[in-house]
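Novice: Dropping a structure here in structure tokens format, bear with me for questions.
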Amino acid sequence: MAETSRPASGSHTGHSYSGGEPVGELVEQTRHELGDAVDALADKTDVKARAQENAARAKEQVSAKAAELTEQVKARAAQAAHLVEEKLPDPVKAAAAAAADQAKAKAGQAQQMWHYQAPEPIRNNRTPLIAAGAALAVTFLLLRRKKRK
């Protein structure tokens with residue numbers, strides 16, 4: 001009666017030595033399995049990497065959901081616009097179209113005036129002028145509000 005040998009520590013790796021294969025191959029196989037087990041444990045204990053993986057997964061899910069909701073909102077907005085357009089009386093539609101045409105024409109005229117009447121250094125430095133104008137407007141409104149109190 002031949003019994004299979006087990007490691008002395010009492011743990012069992014699932015392999016038994018039957019004497020048929022060389023001990024060196026069994027040792028290499030056991031080392032490989034042990035290395036895989038250690039790698040798996042290291043992956044489980046790497047909290048930072050697991051948190052980054054979870055964060056990346058959550059980010060992907062949120063992005064996908066945001067894209068889905070954006071498409072839904074666009075579709076509903078298009079439906080609402082279509083319904084409003086259907087329900088608007090023709091005179092209101094005509095007045096709105098005329099107002100839009102007038103606004104486009106005035107914007108075109110203002111752009112032409114800006115191009116022809118504003119000096120070139122001012123035209124090329126619009127951003128600081130716009131910022132200065134906005135700052136002046138805010139200051140004016142704050143002073144006006146302060147006087148009212």
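We label chains A, B, ... in the order they appear in the structure tokens, count residues from 1 in each chain, and number ligands from 1 in the order shown.
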Running DSSP on the backbone, which parts of range 14-91 of chain A land in helix (DSSP H, G or I), as a PyMOL selection string?

Specialist: chain A and resi 23-45+47-87+90-91

Novice: Report, in Å to a single decimal, how far apart CA of Val73 in chain A and CA of Ala103 in chain A are.

Specialist: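 Pair CA of Ala103 in chain A / CA of Val73 in chain A returns 28.2 Å.
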